[in-house]
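This is entry_20.pdb (PDB, C-alpha atoms and all ligand atoms).
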```pdb
MODEL        1
ATOM      1  CA  MET A  16     -19.695  -8.296 -40.215
ATOM      2  CA  ASN A  17     -17.925  -9.644 -37.140
ATOM      3  CA  LYS A  18     -17.360  -7.117 -34.397
ATOM      4  CA  LYS A  19     -13.752  -6.197 -33.787
ATOM      5  CA  PRO A  20     -12.304  -7.530 -30.510
ATOM      6  CA  LYS A  21     -11.655  -4.980 -27.785
ATOM      7  CA  ILE A  22      -8.042  -5.072 -26.704
ATOM      8  CA  HIS A  23      -6.757  -3.094 -23.746
ATOM      9  CA  ILE A  24      -3.042  -2.345 -23.617
ATOM     10  CA  LEU A  25      -1.249  -1.944 -20.329
ATOM     11  CA  ALA A  26       2.134  -0.357 -20.894
ATOM     12  CA  THR A  27       4.834  -0.883 -18.289
ATOM     13  CA  GLY A  28       7.949   0.531 -19.984
ATOM     14  CA  GLY A  29      11.109  -1.211 -21.212
ATOM     15  CA  THR A  30      12.935  -0.735 -24.489
ATOM     16  CA  ILE A  31       9.680  -0.769 -26.464
ATOM     17  CA  ALA A  32       9.021   2.559 -24.735
ATOM     18  CA  GLY A  33      12.690   3.515 -25.095
ATOM     19  CA  ALA A  34      14.092   6.560 -26.814
ATOM     20  CA  GLY A  35      17.626   7.222 -28.022
ATOM     21  CA  GLU A  36      19.326  10.471 -28.949
ATOM     22  CA  THR A  37      19.809   9.218 -32.520
ATOM     23  CA  SER A  38      18.139   6.518 -34.614
ATOM     24  CA  VAL A  39      21.403   4.593 -35.064
ATOM     25  CA  GLY A  40      23.245   4.741 -31.737
ATOM     26  CA  ALA A  41      23.169   1.985 -29.123
ATOM     27  CA  VAL A  42      22.581   4.397 -26.235
ATOM     28  CA  TYR A  43      18.993   4.883 -25.138
ATOM     29  CA  GLU A  44      16.799   5.105 -22.075
ATOM     30  CA  PRO A  45      13.986   2.584 -21.521
ATOM     31  CA  GLY A  46      10.553   3.728 -20.353
ATOM     32  CA  LYS A  47      10.470   7.139 -22.093
ATOM     33  CA  MET A  48       7.638   6.943 -24.659
ATOM     34  CA  ASN A  49       3.935   6.817 -23.924
ATOM     35  CA  ILE A  50       1.962   3.837 -25.288
ATOM     36  CA  ASN A  51      -0.365   6.116 -27.288
ATOM     37  CA  ASP A  52       2.635   7.506 -29.209
ATOM     38  CA  ILE A  53       3.809   3.980 -30.056
ATOM     39  CA  LEU A  54       0.305   3.020 -31.191
ATOM     40  CA  LYS A  55       0.319   5.928 -33.670
ATOM     41  CA  LEU A  56       3.151   4.128 -35.513
ATOM     42  CA  ILE A  57       0.904   1.151 -36.331
ATOM     43  CA  PRO A  58      -2.403   2.713 -37.492
ATOM     44  CA  ALA A  59      -3.365  -0.439 -39.461
ATOM     45  CA  ILE A  60      -3.979  -2.224 -36.176
ATOM     46  CA  ASN A  61      -7.221  -0.252 -35.815
ATOM     47  CA  GLU A  62      -8.679  -2.377 -38.640
ATOM     48  CA  ILE A  63      -8.088  -5.495 -36.527
ATOM     49  CA  ALA A  64      -9.159  -4.408 -33.046
ATOM     50  CA  ASP A  65     -10.710  -1.636 -31.000
ATOM     51  CA  ILE A  66      -7.775  -0.525 -28.924
ATOM     52  CA  SER A  67      -7.397   1.377 -25.706
ATOM     53  CA  GLY A  68      -4.000   2.129 -24.240
ATOM     54  CA  GLU A  69      -3.050   2.853 -20.654
ATOM     55  CA  GLN A  70       0.338   3.743 -19.231
ATOM     56  CA  PHE A  71       0.351   1.523 -16.124
ATOM     57  CA  ILE A  72       3.950   2.315 -15.156
ATOM     58  CA  ASN A  73       7.019   3.290 -17.207
ATOM     59  CA  ILE A  74      10.107   1.502 -15.895
ATOM     60  CA  GLY A  75      12.938  -0.799 -16.929
ATOM     61  CA  SER A  76      11.737  -4.290 -16.065
ATOM     62  CA  GLN A  77      14.808  -4.970 -13.917
ATOM     63  CA  ASP A  78      12.947  -2.760 -11.429
ATOM     64  CA  ILE A  79       9.730  -4.760 -11.386
ATOM     65  CA  THR A  80       8.741  -6.003  -7.921
ATOM     66  CA  ALA A  81       6.278  -8.440  -6.361
ATOM     67  CA  THR A  82       4.214  -5.439  -5.233
ATOM     68  CA  LEU A  83       3.935  -4.214  -8.843
ATOM     69  CA  TRP A  84       3.084  -7.748 -10.051
ATOM     70  CA  LEU A  85       0.231  -7.965  -7.572
ATOM     71  CA  LYS A  86      -1.020  -4.507  -8.552
ATOM     72  CA  LEU A  87      -0.824  -5.442 -12.242
ATOM     73  CA  ALA A  88      -2.669  -8.710 -11.588
ATOM     74  CA  ARG A  89      -5.465  -6.865  -9.750
ATOM     75  CA  HIS A  90      -5.745  -4.431 -12.660
ATOM     76  CA  ILE A  91      -5.904  -7.192 -15.289
ATOM     77  CA  ARG A  92      -8.478  -9.164 -13.324
ATOM     78  CA  LYS A  93     -10.680  -6.064 -13.159
ATOM     79  CA  TYR A  94     -10.479  -5.524 -16.950
ATOM     80  CA  LEU A  95     -10.994  -9.144 -17.915
ATOM     81  CA  ALA A  96     -14.057  -9.425 -15.692
ATOM     82  CA  SER A  97     -15.697  -6.777 -17.883
ATOM     83  CA  ASP A  98     -17.474  -7.419 -21.206
ATOM     84  CA  GLU A  99     -15.725  -4.289 -22.456
ATOM     85  CA  VAL A 100     -12.409  -6.126 -22.814
ATOM     86  CA  ASP A 101     -11.744  -9.254 -24.925
ATOM     87  CA  GLY A 102      -8.017  -9.424 -24.399
ATOM     88  CA  ILE A 103      -5.054  -7.700 -22.794
ATOM     89  CA  VAL A 104      -1.658  -6.799 -24.237
ATOM     90  CA  ILE A 105       1.110  -5.852 -21.840
ATOM     91  CA  THR A 106       4.158  -4.023 -23.143
ATOM     92  CA  HIS A 107       7.082  -4.841 -20.878
ATOM     93  CA  GLY A 108      10.851  -4.621 -20.651
ATOM     94  CA  THR A 109      12.379  -7.790 -21.986
ATOM     95  CA  ASP A 110      14.755  -8.382 -19.048
ATOM     96  CA  THR A 111      12.096  -9.916 -16.802
ATOM     97  CA  ILE A 112       9.182 -10.363 -19.231
ATOM     98  CA  GLU A 113       9.323 -14.151 -18.772
ATOM     99  CA  GLU A 114       8.884 -13.791 -15.000
ATOM    100  CA  THR A 115       5.932 -11.409 -15.183
ATOM    101  CA  ALA A 116       4.333 -13.666 -17.815
ATOM    102  CA  TYR A 117       4.704 -16.795 -15.681
ATOM    103  CA  PHE A 118       3.443 -15.040 -12.547
ATOM    104  CA  LEU A 119       0.334 -13.792 -14.392
ATOM    105  CA  ASN A 120      -0.125 -17.213 -15.999
ATOM    106  CA  LEU A 121      -0.630 -18.670 -12.525
ATOM    107  CA  ILE A 122      -2.760 -15.919 -11.055
ATOM    108  CA  ILE A 123      -5.219 -14.669 -13.711
ATOM    109  CA  PRO A 124      -8.489 -16.648 -13.562
ATOM    110  CA  PHE A 125      -9.641 -15.917 -17.140
ATOM    111  CA  SER A 126      -9.290 -17.685 -20.479
ATOM    112  CA  LYS A 127      -9.342 -14.425 -22.473
ATOM    113  CA  PRO A 128      -5.937 -13.814 -24.105
ATOM    114  CA  VAL A 129      -3.221 -12.033 -22.143
ATOM    115  CA  VAL A 130      -0.161 -11.375 -24.309
ATOM    116  CA  LEU A 131       3.126  -9.749 -23.297
ATOM    117  CA  THR A 132       5.563  -8.188 -25.690
ATOM    118  CA  GLY A 133       8.591  -5.928 -25.668
ATOM    119  CA  SER A 134      11.445  -5.023 -27.931
ATOM    120  CA  MET A 135      15.201  -5.248 -28.109
ATOM    121  CA  ARG A 136      15.653  -1.926 -29.919
ATOM    122  CA  PRO A 137      14.106   1.361 -28.819
ATOM    123  CA  THR A 138      11.195   2.560 -30.891
ATOM    124  CA  THR A 139      13.274   5.543 -32.067
ATOM    125  CA  ALA A 140      15.907   3.260 -33.728
ATOM    126  CA  TYR A 141      15.918   2.403 -37.459
ATOM    127  CA  SER A 142      16.229  -1.266 -36.551
ATOM    128  CA  THR A 143      13.413  -1.198 -34.004
ATOM    129  CA  ASP A 144      11.395  -4.349 -33.437
ATOM    130  CA  GLY A 145       8.960  -2.511 -31.128
ATOM    131  CA  PRO A 146       6.083  -1.495 -33.429
ATOM    132  CA  ALA A 147       6.136  -4.882 -35.239
ATOM    133  CA  ASN A 148       6.127  -6.784 -31.953
ATOM    134  CA  LEU A 149       3.262  -4.640 -30.634
ATOM    135  CA  PHE A 150       1.303  -5.159 -33.872
ATOM    136  CA  ASN A 151       1.779  -8.918 -33.589
ATOM    137  CA  ALA A 152       0.904  -9.003 -29.895
ATOM    138  CA  ILE A 153      -2.401  -7.248 -30.636
ATOM    139  CA  LEU A 154      -3.047  -9.734 -33.456
ATOM    140  CA  VAL A 155      -2.402 -12.634 -31.078
ATOM    141  CA  ALA A 156      -4.617 -11.119 -28.356
ATOM    142  CA  SER A 157      -7.369 -10.582 -30.961
ATOM    143  CA  SER A 158      -7.281 -14.159 -32.237
ATOM    144  CA  LYS A 159      -9.900 -16.662 -31.062
ATOM    145  CA  ASN A 160      -7.126 -19.281 -31.322
ATOM    146  CA  SER A 161      -5.398 -17.646 -28.346
ATOM    147  CA  ILE A 162      -8.317 -18.158 -25.967
ATOM    148  CA  GLY A 163      -7.514 -20.647 -23.200
ATOM    149  CA  LYS A 164      -3.826 -20.875 -24.072
ATOM    150  CA  GLY A 165      -2.617 -19.232 -20.844
ATOM    151  CA  VAL A 166      -0.491 -16.112 -20.750
ATOM    152  CA  LEU A 167       1.593 -15.756 -23.918
ATOM    153  CA  VAL A 168       4.714 -13.851 -24.913
ATOM    154  CA  THR A 169       5.180 -12.820 -28.510
ATOM    155  CA  ALA A 170       8.378 -11.469 -30.027
ATOM    156  CA  ASN A 171      10.076 -11.661 -33.406
ATOM    157  CA  GLU A 172       7.029 -13.374 -34.980
ATOM    158  CA  LYS A 173       7.121 -16.234 -32.482
ATOM    159  CA  ILE A 174       4.562 -17.043 -29.818
ATOM    160  CA  PHE A 175       5.697 -18.620 -26.551
ATOM    161  CA  ASN A 176       3.818 -19.908 -23.559
ATOM    162  CA  ALA A 177       4.688 -18.367 -20.205
ATOM    163  CA  HIS A 178       5.954 -21.634 -18.719
ATOM    164  CA  GLY A 179       8.691 -22.179 -21.288
ATOM    165  CA  VAL A 180       9.860 -18.812 -22.559
ATOM    166  CA  SER A 181      13.296 -17.399 -21.673
ATOM    167  CA  LYS A 182      15.207 -14.334 -22.710
ATOM    168  CA  ILE A 183      18.408 -15.867 -24.090
ATOM    169  CA  ALA A 184      20.303 -12.945 -25.634
ATOM    170  CA  THR A 185      21.589  -9.655 -24.235
ATOM    171  CA  THR A 186      21.044  -7.408 -27.262
ATOM    172  CA  HIS A 187      20.173  -9.428 -30.382
ATOM    173  CA  ILE A 188      16.676  -9.092 -31.841
ATOM    174  CA  ASP A 189      16.085 -12.857 -31.808
ATOM    175  CA  ALA A 190      16.267 -12.871 -28.028
ATOM    176  CA  PHE A 191      13.515 -15.292 -26.969
ATOM    177  CA  ALA A 192      13.283 -19.053 -26.967
ATOM    178  CA  ASP A 193      11.681 -21.976 -25.245
ATOM    179  CA  CYS A 194      14.887 -23.958 -25.178
ATOM    180  CA  SER A 195      13.241 -27.247 -24.199
ATOM    181  CA  TYR A 196      10.134 -27.330 -26.355
ATOM    182  CA  GLY A 197      10.179 -24.446 -28.859
ATOM    183  CA  PRO A 198       7.547 -21.783 -29.587
ATOM    184  CA  VAL A 199       3.860 -22.702 -29.331
ATOM    185  CA  GLY A 200       3.114 -20.829 -32.536
ATOM    186  CA  TYR A 201       3.970 -18.133 -35.042
ATOM    187  CA  VAL A 202       2.537 -14.940 -36.466
ATOM    188  CA  ASN A 203       2.611 -15.303 -40.238
ATOM    189  CA  GLY A 204       1.566 -11.997 -41.787
ATOM    190  CA  ALA A 205      -1.875 -11.444 -40.283
ATOM    191  CA  ASP A 206      -2.356 -15.112 -39.317
ATOM    192  CA  VAL A 207      -1.911 -16.389 -35.796
ATOM    193  CA  GLU A 208      -1.026 -20.068 -35.909
ATOM    194  CA  PHE A 209      -0.536 -22.395 -32.977
ATOM    195  CA  GLN A 210       1.519 -25.542 -33.540
ATOM    196  CA  ARG A 211       1.291 -27.218 -30.192
ATOM    197  CA  SER A 212      -0.632 -27.159 -26.932
ATOM    198  CA  VAL A 213       0.778 -27.055 -23.429
ATOM    199  CA  LYS A 214      -0.230 -29.488 -20.685
ATOM    200  CA  LYS A 215       0.839 -27.399 -17.696
ATOM    201  CA  ILE A 216      -1.939 -25.954 -15.517
ATOM    202  CA  HIS A 217      -2.565 -22.220 -15.910
ATOM    203  CA  THR A 218      -5.089 -19.358 -15.543
ATOM    204  CA  VAL A 219      -8.662 -20.669 -15.053
ATOM    205  CA  LYS A 220      -7.497 -24.017 -13.669
ATOM    206  CA  SER A 221      -4.719 -22.596 -11.508
ATOM    207  CA  VAL A 222      -5.273 -23.048  -7.788
ATOM    208  CA  PHE A 223      -3.351 -19.787  -7.250
ATOM    209  CA  ALA A 224      -5.835 -17.779  -9.316
ATOM    210  CA  LYS A 225      -8.614 -18.092  -6.743
ATOM    211  CA  THR A 226      -7.510 -15.234  -4.511
ATOM    212  CA  LEU A 227      -4.643 -12.797  -4.853
ATOM    213  CA  PRO A 228      -2.150 -12.997  -2.003
ATOM    214  CA  LYS A 229      -1.279  -9.709  -0.273
ATOM    215  CA  SER A 230       2.453 -10.351  -0.607
ATOM    216  CA  LEU A 231       4.866 -13.115  -1.635
ATOM    217  CA  PRO A 232       7.147 -15.120   0.679
ATOM    218  CA  GLU A 233      10.923 -14.591   0.586
ATOM    219  CA  VAL A 234      12.525 -17.083  -1.793
ATOM    220  CA  VAL A 235      16.074 -16.576  -3.078
ATOM    221  CA  ILE A 236      18.010 -18.053  -5.975
ATOM    222  CA  LEU A 237      21.585 -19.293  -5.485
ATOM    223  CA  TYR A 238      23.692 -19.972  -8.577
ATOM    224  CA  SER A 239      26.172 -22.840  -8.439
ATOM    225  CA  TYR A 240      29.626 -23.023 -10.009
ATOM    226  CA  ALA A 241      32.841 -25.048  -9.676
ATOM    227  CA  GLY A 242      34.420 -24.319  -6.309
ATOM    228  CA  ILE A 243      31.339 -22.635  -4.758
ATOM    229  CA  ASN A 244      31.449 -22.413  -0.962
ATOM    230  CA  THR A 245      28.448 -22.519   1.343
ATOM    231  CA  MET A 246      28.750 -18.910   2.573
ATOM    232  CA  LEU A 247      25.583 -17.601   0.844
ATOM    233  CA  PHE A 248      23.601 -20.752   1.579
ATOM    234  CA  ASP A 249      24.517 -20.396   5.280
ATOM    235  CA  ALA A 250      23.469 -16.749   5.180
ATOM    236  CA  CYS A 251      20.070 -17.724   3.741
ATOM    237  CA  ILE A 252      19.517 -20.236   6.542
ATOM    238  CA  LYS A 253      20.525 -17.616   9.107
ATOM    239  CA  ALA A 254      18.157 -15.083   7.506
ATOM    240  CA  GLN A 255      15.341 -17.671   7.770
ATOM    241  CA  VAL A 256      14.239 -17.217   4.154
ATOM    242  CA  ASN A 257      11.151 -19.215   3.214
ATOM    243  CA  GLY A 258      12.777 -21.002   0.319
ATOM    244  CA  ILE A 259      15.928 -21.398  -1.745
ATOM    245  CA  VAL A 260      16.058 -22.227  -5.439
ATOM    246  CA  PHE A 261      19.466 -23.765  -6.030
ATOM    247  CA  ALA A 262      20.437 -23.239  -9.676
ATOM    248  CA  GLY A 263      22.662 -26.289  -9.692
ATOM    249  CA  THR A 264      24.974 -27.667 -12.320
ATOM    250  CA  GLY A 265      23.650 -30.107 -14.947
ATOM    251  CA  ASN A 266      20.638 -32.036 -13.659
ATOM    252  CA  GLY A 267      20.247 -29.777 -10.610
ATOM    253  CA  ASN A 268      23.338 -31.148  -8.904
ATOM    254  CA  VAL A 269      24.378 -29.889  -5.484
ATOM    255  CA  PRO A 270      28.057 -30.070  -4.370
ATOM    256  CA  LYS A 271      28.850 -32.392  -1.422
ATOM    257  CA  PRO A 272      29.506 -29.626   1.197
ATOM    258  CA  PHE A 273      25.911 -28.472   0.647
ATOM    259  CA  LEU A 274      24.230 -31.790   1.460
ATOM    260  CA  SER A 275      24.379 -31.352   5.237
ATOM    261  CA  LYS A 276      23.329 -27.701   4.789
ATOM    262  CA  VAL A 277      20.244 -28.767   2.832
ATOM    263  CA  LYS A 278      19.348 -31.028   5.757
ATOM    264  CA  LYS A 279      19.827 -28.115   8.169
ATOM    265  CA  ALA A 280      17.650 -25.844   6.018
ATOM    266  CA  ARG A 281      14.899 -28.466   5.930
ATOM    267  CA  GLU A 282      15.026 -28.756   9.729
ATOM    268  CA  LYS A 283      14.339 -25.017   9.810
ATOM    269  CA  ASN A 284      11.400 -25.529   7.432
ATOM    270  CA  ILE A 285      13.151 -23.812   4.517
ATOM    271  CA  HIS A 286      12.098 -25.444   1.240
ATOM    272  CA  ILE A 287      14.789 -26.161  -1.347
ATOM    273  CA  VAL A 288      14.118 -26.459  -5.070
ATOM    274  CA  ARG A 289      16.789 -28.101  -7.204
ATOM    275  CA  ALA A 290      16.813 -26.171 -10.483
ATOM    276  CA  SER A 291      19.551 -25.957 -13.090
ATOM    277  CA  ARG A 292      21.918 -23.513 -14.766
ATOM    278  CA  MET A 293      20.983 -25.278 -18.033
ATOM    279  CA  LEU A 294      18.412 -23.696 -20.318
ATOM    280  CA  ARG A 295      17.310 -26.990 -21.839
ATOM    281  CA  GLY A 296      15.805 -30.118 -20.317
ATOM    282  CA  GLU A 297      14.211 -31.038 -17.023
ATOM    283  CA  VAL A 298      15.632 -31.446 -13.522
ATOM    284  CA  VAL A 299      14.651 -34.940 -12.416
ATOM    285  CA  THR A 300      15.878 -37.546  -9.919
ATOM    286  CA  GLY A 301      19.323 -38.683 -11.089
ATOM    287  CA  GLU A 302      22.556 -38.415  -9.149
ATOM    288  CA  LEU A 303      20.508 -36.960  -6.316
ATOM    289  CA  SER A 304      17.312 -38.286  -4.790
ATOM    290  CA  ASP A 305      14.773 -35.644  -3.773
ATOM    291  CA  GLU A 306      13.146 -38.266  -1.540
ATOM    292  CA  LYS A 307      16.343 -38.635   0.475
ATOM    293  CA  LEU A 308      17.296 -34.955   0.459
ATOM    294  CA  GLY A 309      13.853 -33.522   1.145
ATOM    295  CA  THR A 310      14.174 -31.302  -1.923
ATOM    296  CA  ILE A 311      11.881 -30.484  -4.837
ATOM    297  CA  ALA A 312      12.924 -30.956  -8.481
ATOM    298  CA  SER A 313      12.132 -27.942 -10.687
ATOM    299  CA  GLY A 314      11.243 -29.949 -13.820
ATOM    300  CA  ALA A 315      11.598 -27.723 -16.891
ATOM    301  CA  LEU A 316      11.203 -24.473 -14.959
ATOM    302  CA  ILE A 317      14.219 -22.193 -15.118
ATOM    303  CA  PRO A 318      15.364 -20.934 -11.686
ATOM    304  CA  GLN A 319      13.612 -17.542 -11.829
ATOM    305  CA  LYS A 320      10.290 -19.243 -12.608
ATOM    306  CA  ALA A 321      10.846 -22.031 -10.068
ATOM    307  CA  LYS A 322      11.216 -19.191  -7.559
ATOM    308  CA  ILE A 323       7.806 -17.772  -8.515
ATOM    309  CA  LEU A 324       6.119 -21.167  -8.300
ATOM    310  CA  LEU A 325       7.660 -21.857  -4.887
ATOM    311  CA  GLN A 326       6.564 -18.412  -3.671
ATOM    312  CA  LEU A 327       2.988 -19.043  -4.770
ATOM    313  CA  ALA A 328       2.996 -22.629  -3.503
ATOM    314  CA  LEU A 329       4.073 -21.373  -0.073
ATOM    315  CA  THR A 330       1.068 -19.045   0.037
ATOM    316  CA  ILE A 331      -1.215 -22.097   0.135
ATOM    317  CA  THR A 332       0.799 -24.914   1.729
ATOM    318  CA  ASN A 333       3.940 -25.781   3.632
ATOM    319  CA  ASP A 334       3.686 -29.492   2.894
ATOM    320  CA  LEU A 335       6.675 -30.886   0.969
ATOM    321  CA  LEU A 336       4.681 -33.579  -0.852
ATOM    322  CA  GLN A 337       2.033 -31.082  -1.947
ATOM    323  CA  ILE A 338       4.693 -28.663  -3.183
ATOM    324  CA  ARG A 339       6.325 -31.500  -5.174
ATOM    325  CA  GLU A 340       2.941 -32.235  -6.757
ATOM    326  CA  ILE A 341       2.554 -28.553  -7.649
ATOM    327  CA  PHE A 342       5.948 -28.609  -9.385
ATOM    328  CA  LYS A 343       4.800 -31.619 -11.442
ATOM    329  CA  TYR A 344       1.706 -29.960 -12.830
ATOM    330  CA  TYR A 345       2.397 -26.195 -13.052
TER     331      TYR A 345
HETATM  332  N1  LIG A 401      16.432  -3.379 -19.168
HETATM  333  C1  LIG A 401      15.248  -2.829 -19.720
HETATM  334  C2  LIG A 401      13.999  -3.633 -19.377
HETATM  335  O1  LIG A 401      14.004  -4.821 -19.246
HETATM  336  C3  LIG A 401      15.336  -2.675 -21.193
HETATM  337  C4  LIG A 401      15.539  -3.982 -21.932
HETATM  338  C5  LIG A 401      14.424  -4.286 -22.890
HETATM  339  O2  LIG A 401      13.275  -3.938 -22.684
HETATM  340  O3  LIG A 401      14.758  -4.932 -23.908
HETATM  341  O4  LIG A 401      12.976  -3.025 -19.292
ENDMDL
END
```

So, in terms of structure tokens, how does the structure I just supplied come out?
Amino acid sequence: MNKKPKIHILATGGTIAGAGETSVGAVYEPGKMNINDILKLIPAINEIADISGEQFINIGSQDITATLWLKLARHIRKYLASDEVDGIVITHGTDTIEETAYFLNLIIPFSKPVVLTGSMRPTTAYSTDGPANLFNAILVASSKNSIGKGVLVTANEKIFNAHGVSKIATTHIDAFADCSYGPVGYVNGADVEFQRSVKKIHTVKSVFAKTLPKSLPEVVILYSYAGINTMLFDACIKAQVNGIVFAGTGNGNVPKPFLSKVKKAREKNIHIVRASRMLRGEVVTGELSDEKLGTIASGALIPQKAKILLQLALTITNDLLQIREIFKYY
């Protein structure tokens, strides 16, 4: 008989650890339940894997920080280096799950599965998706098919890769999508099926996974809209941030009053990524030329992930051409 895979769960809080006063009301507090209590709701999972659970932190994921990411990454690296662990599941608030997943995807130098999941309804609600999502995440982490796929997010029976996944709904259960390319696979009953592979560099091949940085540079996101003035952009230049991700309109477009400001920022060695408010498609050269502006196109990365990639890129280089290359391949 095949030995069961050993899956370690790191619980960080969120709605999956949430508790409400009643099982029907919408009011609840995230980060209230311990992972071992949630695991008791899915005893059948013990037939699939040998499970250990650890409460790493217990917070709403809107409160996650770069310091916690780095601590989590150190923790995961320690576990995956050991023969005692075949895969990791991270339970996480859904608000920023896509950011934590993408950060880990770039910084974990192992091909063993790392799978994040969360829920949109607290585990105390009748309509909870928490136990089912946790069950599926453990299935995905236990599957040999998940090895080498990079960090994954699973929710509502879908499997997403960290590069493409976005939270797209405030409260609905079907809250996750990869708007450009779709899920990489599905959980069908007890089967984990992958439909497509992803070309972007991750985990073992990631240049950022060699050594963990001590901290991350200051990169901010500015969101564009009709009639935007340059007040916040000016403030970022004055504050000497390391980078700005401009969530532009359409194909990463930047209004005319900003063009001279972009030049000024570049003179001060502040890197500018042109990202987009759109959830679908890639930011590429179009109305604007990155060559002429000295900017970096975000490709298919949504602004909050372009921010992470720029932060990590700046830990190894300050060279514009190298950073553009990084945005092509990661
Ligand atoms: N805002 C909380 C968080 O992201 C709860 C939302 C959720 O987990 O669905 O942790």

Within 9 Å of (1.7, -12.4, -3.6) (coordinates as in the file), grab all the protein and nucleic acid residues, counting all atoms listed in the file, and write them out as a tab-separated table (two decimals) with C-alpha atoms, in the coordinates of the input.
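Saved the output as out22.tsv:
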```tsv
chain	number	residue	atom	x	y	z
A	81	ALA	CA	6.28	-8.44	-6.36
A	82	THR	CA	4.21	-5.44	-5.23
A	84	TRP	CA	3.08	-7.75	-10.05
A	85	LEU	CA	0.23	-7.96	-7.57
A	227	LEU	CA	-4.64	-12.80	-4.85
A	228	PRO	CA	-2.15	-13.00	-2.00
A	229	LYS	CA	-1.28	-9.71	-0.27
A	230	SER	CA	2.45	-10.35	-0.61
A	231	LEU	CA	4.87	-13.12	-1.64
A	232	PRO	CA	7.15	-15.12	0.68
A	326	GLN	CA	6.56	-18.41	-3.67
A	327	LEU	CA	2.99	-19.04	-4.77
A	330	THR	CA	1.07	-19.05	0.04
```

* Could you pull the residues within 9 Å of A:Ile60, counting all atoms listed in the file, minus those fewer than 5 positions along the same chain, as a VMD selection string? -> chain A and resid 54 65 to 66 150 153 to 154

Quick one: residues within 10 Å of (20.7, 0.8, -30.8) (file frame), counting all atoms listed in the file, please, as a JSON list (two decimals) with C-alpha atoms, keeping the file's coordinate frame.
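Writing done, so here's result-v8.json:
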```json
[["chain", "number", "residue", "atom", "x", "y", "z"],
["A", 34, "ALA", "CA", 14.09, 6.56, -26.81],
["A", 35, "GLY", "CA", 17.63, 7.22, -28.02],
["A", 36, "GLU", "CA", 19.33, 10.47, -28.95],
["A", 37, "THR", "CA", 19.81, 9.22, -32.52],
["A", 38, "SER", "CA", 18.14, 6.52, -34.61],
["A", 39, "VAL", "CA", 21.40, 4.59, -35.06],
["A", 40, "GLY", "CA", 23.24, 4.74, -31.74],
["A", 41, "ALA", "CA", 23.17, 1.98, -29.12],
["A", 42, "VAL", "CA", 22.58, 4.40, -26.24],
["A", 43, "TYR", "CA", 18.99, 4.88, -25.14],
["A", 135, "MET", "CA", 15.20, -5.25, -28.11],
["A", 136, "ARG", "CA", 15.65, -1.93, -29.92],
["A", 137, "PRO", "CA", 14.11, 1.36, -28.82],
["A", 138, "THR", "CA", 11.20, 2.56, -30.89],
["A", 139, "THR", "CA", 13.27, 5.54, -32.07],
["A", 140, "ALA", "CA", 15.91, 3.26, -33.73],
["A", 141, "TYR", "CA", 15.92, 2.40, -37.46],
["A", 142, "SER", "CA", 16.23, -1.27, -36.55],
["A", 143, "THR", "CA", 13.41, -1.20, -34.00],
["A", 186, "THR", "CA", 21.04, -7.41, -27.26]]
```

* To do: Compute the set of protein, DNA and RNA residues whose minimum atom distance to ligand LIG 401 (chain A) is at most 9 Å, using all atoms listed in the file, and state it as a count of residues only.
  => 30

* Selection result of the PyMOL selection byres (((chain A and resi 50) around 9) and not hetatm) on this file, as JSON, numbers by chain -> {"A": [24, 25, 26, 27, 28, 32, 48, 49, 51, 52, 53, 54, 55, 68, 69, 70, 106]}

Would you mind exporting the chosen residues as a CSV table (one decimal), keeping the file's coordinate frame, restricted to C-alpha atoms?
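To be explicit, this is the file written out as result.csv:
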```csv
chain,number,residue,atom,x,y,z
A,24,ILE,CA,-3.0,-2.3,-23.6
A,25,LEU,CA,-1.2,-1.9,-20.3
A,26,ALA,CA,2.1,-0.4,-20.9
A,27,THR,CA,4.8,-0.9,-18.3
A,28,GLY,CA,7.9,0.5,-20.0
A,32,ALA,CA,9.0,2.6,-24.7
A,48,MET,CA,7.6,6.9,-24.7
A,49,ASN,CA,3.9,6.8,-23.9
A,51,ASN,CA,-0.4,6.1,-27.3
A,52,ASP,CA,2.6,7.5,-29.2
A,53,ILE,CA,3.8,4.0,-30.1
A,54,LEU,CA,0.3,3.0,-31.2
A,55,LYS,CA,0.3,5.9,-33.7
A,68,GLY,CA,-4.0,2.1,-24.2
A,69,GLU,CA,-3.0,2.9,-20.7
A,70,GLN,CA,0.3,3.7,-19.2
A,106,THR,CA,4.2,-4.0,-23.1
```

* To do: Using all atoms listed in the file, pick whichever of A:His178, A:Lys214, A:Lys173, A:Lys343 has the shortest atom-to-atom distance to A:Ile311.
  =>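 Checking each candidate against A:Ile311, we get A:Lys343 as the closest.
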
* Asked: So what do you get for atom CA of A:Leu121 versus atom CA of A:Phe223, distance-wise?
  ->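 Pair atom CA of A:Leu121 / atom CA of A:Phe223 returns 6.0 Å.
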
* So, counting all atoms listed in the file, which residue among A:Lys127, A:Gly179, A:Ile22, A:Lys283 is closest to A:Val104? -> A:Ile22

* Asked: For A:Val277, which residue out of A:Lys220, A:Lys307, A:Arg211, A:Arg292 is the nearest one, using all atoms listed in the file?
  ->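 Checking each candidate against A:Val277, we get A:Lys307 as the closest.
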
* To do: Output the residue selection produced by the PyMOL selection byres (((chain A and resi 17) around 12) and not hetatm) on the file above, formatted as a ChimeraX atom specification.
  => /A:16,18-20,62-64

* To do: Enumerate, as a list in words, the residues matched when the PyMOL selection byres (((chain A and resi 207) around 10) and not hetatm) is run on the file above.
  => Asn151, Ala152, Leu154, Val155, Ala156, Ser157, Ser158, Lys159, Asn160, Ser161, Glu172, Lys173, Ile174, Gly200, Tyr201, Val202, Asn203, Gly204, Ala205, Asp206, Glu208 and Phe209 of chain A

* To do: Take atom CA of A:Ala170 and atom CA of A:Val130 and report the distance between them in Å, one decimal.
  =>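 Result for atom CA of A:Ala170 versus atom CA of A:Val130: 10.3 Å, one decimal.
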